[in-house]
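K.L.:
Let me begin by handing over the structure; questions about it come next.
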Amino acid sequence: MRSLKEAKIGEACKVVKLHGEGAVRRRIMDMGITKGTTVAIRKLAPLGDPIELTVRGYELSIRKSDAAMIEIE
Amino acid sequence: MQEIKIALAGNPNSGKTSLFNVLTGSNQFVGNWPGVTVEKKEGKARQRDGVVITDLPGIYSLSPYTLEEVVARNYLVEESPDVILNIVDGTNLERNLYLTTQLTELGIPVVVAINMMDVVRKNGDKINVQGLSKALGCPVVEISALKETGIDEALDTAVSVAARGKSIPMHAFSGEVEHALAHIEEAAIHDLSPEKQRWYAIKIFERDKKVLEALDIPEKTVAHIESDIRHVEEHFDDDAESVITNERYGLVARVLEGNYRKNRLGRMSVSEKIDTVVTNRFLALPIFAFIMFLVYYISVTTVGTFVTDFTNEGLFGEGFYIFGSFVPGIGVALGDMLASVGCAEWLTSLIVDGIVGGVGSVLGFVPQMLVLFLLLGFLEASGYMSRIAFMMDKIFRKFGLSGKSFIPMLVGSGCSVPGIMASRTIENESDRRMTIMTTHFIPCGAKLPVIAFIAASLFNNSALVAISAYFIGVGSVAVSGIMLKKTKMFASEPTPFVMELPAYHMPTVKNLLFSMWERGWSFIKKAGTVILLSSMVIWAGSTIGFVDGALAWSSEMSLEASLLGLLASLVSWVFAPLGFGSLEATVATLMGLLAKEEIVAVFGVLDFSGFTQISGYSFLVFNLLCAPCFAALGAIKREMNSTRWTAFAIAYQCAYAYCVALTVYQLGMLFTGNFGWHILGGAVAIAIISFMTYMLIRTPSDEVIRIREGRAKVTK
């Protein structure tokens, strides 16, 4: 499995599945990262974490540890 | 006429606060939702009588996981307002309408107000309002809260829809899901009124614990429903909660199809351009440091100090010059006035020295704070605050804090009270508590005179004293964070740092002033109550005392004879191991609880007689780290919203300060060749250092790890 954490900056990836459970997972989904959505990696924070993404036309930041839960194609 | 209740709901950054301000003007009441520290705002509509608007917290969803979301959904389900005015960011329709799909299934009439229409038009995006309205099954209006257009229409529509009463939600999900929902409605909740059934059916389907507990469905029915849910889960190869989320986003896509066309701009938007510079890998931190310096410089050093000095020394002090003529300060003027009407000496003293002096010393910080609030309001409203959290998260996470803890700490360098108040934006409860507890370690404005005084009288004005004070403050935040995070008390489930980075925009002056005043007023109220009371008590303690064996009052009461002095002599032995068991030092520490700069006032004439460099520094360390002033304690109490947690915070702060000061003093004495009982003291100091080191490096207990990594077993 390849996770969003491993994706490169500038890459656009399609979400296959969300792992994990509970509050974190629900929050990620509520923010629009769901199965089949395309997510683009914009940049890393100056200190290397978190990541900035473009999802459904807006900018979202998530930690790398949470990005590891998102399986991509 | 019956009152109409409108609930204002929407995503954070959708312009909800601006709309609320336009709708209600100054008719606002700010309070807390019962039992939690989530802010509740209510107001009467300006444009119409008999309309009450409740501003719900800004939320992305109605999940059962965050405090704000639970507060919002409890209000909507239990209080059932007459209509929901759902504000939607027109530049970010897809995610904003996700919440709309949840609001429309509550059985309460909904009016969707698409905000930021001015920006939408400027971008060249096309929104078909009639089409959207038909697809969503509720009225849709276009507004701009910033430009104040369409507001009346939105309000009129909400009022007329409210008159129509309950609405039965549409069925909009795919066949399999609708089938299961119909089964659930039939099996478990057919007794509920029809407009409420859909919301409950979906929550049961999602296995929402809070709703299941409230409904108390018989076990047999639960088992029956469970098989329906499993069937759908197998079909979609996903769990029920995800199935519903996917259905919702699918629904939003269908609603937008043909009704919305985004103008693909070939060039970058202004916001994107700003971000390529401001969160640039190399420039971000220097720019950030510069902005923080500017905020600090303007509010604390220049404008703030100028105005604060004026209020402290002029308004509440001796007096000031205006156009060359001398105007006496409030205290002086009041004293003269009271003397001229023949007021009793003790009453004059109570009013002038006690109340005006005490409250004034704290109110003097109000102008400085207002400047700070204004600047912070700007950072918040413009969208830069989220970028700060984005940049600082990695550092603060190491200390058990969040990227959002930076702001309380920064504000705390001016004054802990607004600093502690600024912790509200931190979602994770344990991170927030930690921030509330540790913010005052950062030396605030009132501690600066103390630092300066000690540096001047004992250290030959060495700048190292002030620098070390800041290092000790920051170090204490880090050390406390790491130590406490490993205890069971502060162990918490991982909270996602899933944060929107909203597009930058220029806030309006009106909204900035609103937010500045709201925070400022809440501080003034506190100064007016807590400080008033405590300054009266301290005034009484220092002017009433035993003279020749009898209780007497005198404005010139000596420190030794006063009640405050007596109290201090009873507890001063506690400070002996720290090197300052004298009466003055104890009184000064007690006075520091009123306001830290009062410490200097106690020593004002006495000078630091009896202090050595080591004991003086230990005294400074203790007073920097121990329980903050009453105003800050009040803020801690309010933000913790729990007596137990407040007591713990104060106890921790004092114990920590005591340990550090003791270590400083005893080891200092040993290193300078003073043995005797310092050998025992040094042993205690080493024990403290060993204990702290252990607390810092130990592996947390299995239970803590289990709580922290609530999801570890699943990701493997």
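Just so we're on the same page: first chain in the structure tokens is A, next is B, and so on; residues restart at 1 for each chain, and ligands are numbered from 1 in the order they show up.
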Taking only C-alpha atoms into account, find every residue of chain B that has an atom no more than 7 Å from chain A, and write it out as a ChimeraX atom specification.

P.N.:
/B:60-61,65,92,94-95,245-246,281-282,284,390-391,394,495-502,711,714-715

K.L.:
Hey, what does DSSP flag as helix (DSSP H, G or I) within chain A? Can you give it to me as a PyMOL selection string?

P.N.:
chain A and resi 4-6+22-30+64-67

K.L.:
Selection from above, N, CA, C and O atoms, as an mmCIF file, in the first residue's frame, can you write it?

P.N.:
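In the end it all went to out.cif:
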```cif
data_model
loop_
_atom_site.group_PDB
_atom_site.id
_atom_site.type_symbol
_atom_site.label_atom_id
_atom_site.label_comp_id
_atom_site.auth_asym_id
_atom_site.auth_seq_id
_atom_site.Cartn_x
_atom_site.Cartn_y
_atom_site.Cartn_z
ATOM 1 N N LEU A 4 -0.411 8.593 1.494
ATOM 2 C CA LEU A 4 -0.271 9.992 1.093
ATOM 3 C C LEU A 4 1.032 10.583 1.624
ATOM 4 O O LEU A 4 1.583 11.531 1.064
ATOM 5 N N LYS A 5 1.519 10.009 2.715
ATOM 6 C CA LYS A 5 2.756 10.491 3.317
ATOM 7 C C LYS A 5 3.935 10.338 2.358
ATOM 8 O O LYS A 5 4.881 11.123 2.375
ATOM 9 N N GLU A 6 3.835 9.290 1.518
ATOM 10 C CA GLU A 6 4.954 9.009 0.615
ATOM 11 C C GLU A 6 4.874 9.780 -0.701
ATOM 12 O O GLU A 6 5.810 9.756 -1.490
ATOM 13 N N GLY A 22 -12.155 6.391 14.451
ATOM 14 C CA GLY A 22 -12.502 7.408 15.441
ATOM 15 C C GLY A 22 -12.418 8.827 14.924
ATOM 16 O O GLY A 22 -12.598 9.104 13.747
ATOM 17 N N ALA A 23 -12.082 9.724 15.881
ATOM 18 C CA ALA A 23 -12.154 11.158 15.622
ATOM 19 C C ALA A 23 -11.268 11.602 14.461
ATOM 20 O O ALA A 23 -11.694 12.374 13.613
ATOM 21 N N VAL A 24 -10.032 11.090 14.428
ATOM 22 C CA VAL A 24 -9.092 11.547 13.401
ATOM 23 C C VAL A 24 -9.613 11.205 12.018
ATOM 24 O O VAL A 24 -9.662 12.039 11.107
ATOM 25 N N ARG A 25 -10.051 9.970 11.875
ATOM 26 C CA ARG A 25 -10.507 9.501 10.574
ATOM 27 C C ARG A 25 -11.749 10.274 10.134
ATOM 28 O O ARG A 25 -11.853 10.720 8.996
ATOM 29 N N ARG A 26 -12.689 10.436 11.070
ATOM 30 C CA ARG A 26 -13.926 11.138 10.731
ATOM 31 C C ARG A 26 -13.611 12.579 10.311
ATOM 32 O O ARG A 26 -14.181 13.102 9.372
ATOM 33 N N ARG A 27 -12.680 13.192 11.037
ATOM 34 C CA ARG A 27 -12.339 14.577 10.726
ATOM 35 C C ARG A 27 -11.770 14.690 9.317
ATOM 36 O O ARG A 27 -12.130 15.568 8.545
ATOM 37 N N ILE A 28 -10.872 13.776 8.989
ATOM 38 C CA ILE A 28 -10.260 13.799 7.662
ATOM 39 C C ILE A 28 -11.333 13.651 6.587
ATOM 40 O O ILE A 28 -11.330 14.361 5.576
ATOM 41 N N MET A 29 -12.275 12.748 6.832
ATOM 42 C CA MET A 29 -13.345 12.551 5.845
ATOM 43 C C MET A 29 -14.258 13.768 5.768
ATOM 44 O O MET A 29 -14.650 14.197 4.695
ATOM 45 N N ASP A 30 -14.589 14.308 6.947
ATOM 46 C CA ASP A 30 -15.461 15.491 6.974
ATOM 47 C C ASP A 30 -14.861 16.639 6.168
ATOM 48 O O ASP A 30 -15.574 17.440 5.580
ATOM 49 N N LYS A 64 1.952 14.571 8.904
ATOM 50 C CA LYS A 64 2.422 13.395 8.164
ATOM 51 C C LYS A 64 1.882 12.108 8.784
ATOM 52 O O LYS A 64 1.547 11.169 8.084
ATOM 53 N N SER A 65 1.814 12.092 10.125
ATOM 54 C CA SER A 65 1.345 10.869 10.782
ATOM 55 C C SER A 65 -0.101 10.563 10.391
ATOM 56 O O SER A 65 -0.499 9.407 10.317
ATOM 57 N N ASP A 66 -0.890 11.611 10.141
ATOM 58 C CA ASP A 66 -2.265 11.385 9.702
ATOM 59 C C ASP A 66 -2.307 11.040 8.216
ATOM 60 O O ASP A 66 -3.151 10.258 7.774
ATOM 61 N N ALA A 67 -1.381 11.632 7.458
ATOM 62 C CA ALA A 67 -1.322 11.334 6.025
ATOM 63 C C ALA A 67 -0.992 9.861 5.797
ATOM 64 O O ALA A 67 -1.385 9.270 4.792
#
```

K.L.:
Atom CA of B:Ser269 to atom CA of B:Ser18: how many Å, to one decimal?

P.N.:
22.9 Å

K.L.:
Atom CA of B:Glu42 and atom CA of B:Ser416 are how many Å apart?

P.N.:
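Computing it gives 27.6 Å between the two atoms.
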
K.L.:
With only C-alpha atoms as the counted atoms, please give the residues lying no more than 10 Å from B:Ala201, apart from itself and same-chain residues fewer than 2 positions off, as an MDAnalysis selection string.

P.N.:
chainID B and resid 178 180:190 196:199 203:207 211

K.L.:
Could you list, as a ChimeraX atom specification, every residue within 12 Å of B:Ser80, counting only C-alpha atoms and ignoring same-chain residues fewer than 6 positions away?

P.N.:
/B:4-7,54,72-74,103,106-110,162,165-166,195-196

K.L.:
Can you pull out the residues contacting stretch 374-382 of chain B? Cut-off 6 Å, using only C-alpha atoms, and skip same-chain residues under 2 positions away; I want them as a VMD selection string.

P.N.:
chain B and resid 371 to 372 384 to 385 504 to 507 512 516

K.L.:
In stretch 15-225 of chain B, what's strand (DSSP E) per DSSP? Answer as a PyMOL selection string?

P.N.:
chain B and resi 28-32+39-44+51-55+83-89+110-115+126-127+140-142

K.L.:
Any idea what's packed within 9 Å of B:Pro628, counting only C-alpha atoms, ignoring anything in its chain fewer than 3 positions away? Could you give it as number ranges by chain?

P.N.:
B: 416, 440-441, 592-596, 623-625, 631-633, 650, 653

K.L.:
Between B:Ala540, B:Gly124, B:Thr646, B:Asn21, which residue has the minimum interatomic distance to B:Ser515, considering only C-alpha atoms?

P.N.:
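Closest to B:Ser515, using only C-alpha atoms: B:Asn21.
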
K.L.:
Quick one: residues within 12 Å of B:Leu315, only C-alpha atoms counted, chain neighbours fewer than 5 positions away excluded, as an mmCIF file with C-alpha atoms, in the first residue's frame?

P.N.:
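Result file follows (result-v7.cif):
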```cif
data_model
loop_
_atom_site.group_PDB
_atom_site.id
_atom_site.type_symbol
_atom_site.label_atom_id
_atom_site.label_comp_id
_atom_site.auth_asym_id
_atom_site.auth_seq_id
_atom_site.Cartn_x
_atom_site.Cartn_y
_atom_site.Cartn_z
ATOM 1 C CA VAL B 307 -0.372 54.528 26.774
ATOM 2 C CA THR B 308 0.184 52.201 29.726
ATOM 3 C CA ASP B 309 2.698 54.553 31.320
ATOM 4 C CA PHE B 310 0.239 57.342 30.859
ATOM 5 C CA PHE B 320 -0.054 64.454 33.853
ATOM 6 C CA TYR B 321 0.440 67.527 31.709
ATOM 7 C CA ILE B 322 -1.923 68.412 28.942
ATOM 8 C CA PHE B 326 -1.056 69.960 35.027
ATOM 9 C CA VAL B 327 -3.975 67.588 35.514
ATOM 10 C CA PRO B 328 -3.842 65.528 38.697
ATOM 11 C CA GLY B 329 -4.291 61.736 38.497
ATOM 12 C CA ILE B 330 -7.582 60.128 39.483
ATOM 13 C CA GLY B 331 -6.210 59.034 42.852
ATOM 14 C CA VAL B 332 -4.836 62.456 43.701
ATOM 15 C CA ALA B 333 -7.921 64.296 42.483
ATOM 16 C CA LEU B 334 -10.219 61.931 44.340
ATOM 17 C CA VAL B 356 -7.946 53.257 42.773
ATOM 18 C CA GLY B 357 -4.382 52.149 43.423
ATOM 19 C CA GLY B 360 -5.668 51.116 38.547
ATOM 20 C CA SER B 361 -2.447 49.139 38.567
ATOM 21 C CA LEU B 363 -6.465 48.576 34.457
ATOM 22 C CA GLY B 364 -3.328 50.381 33.386
#
```
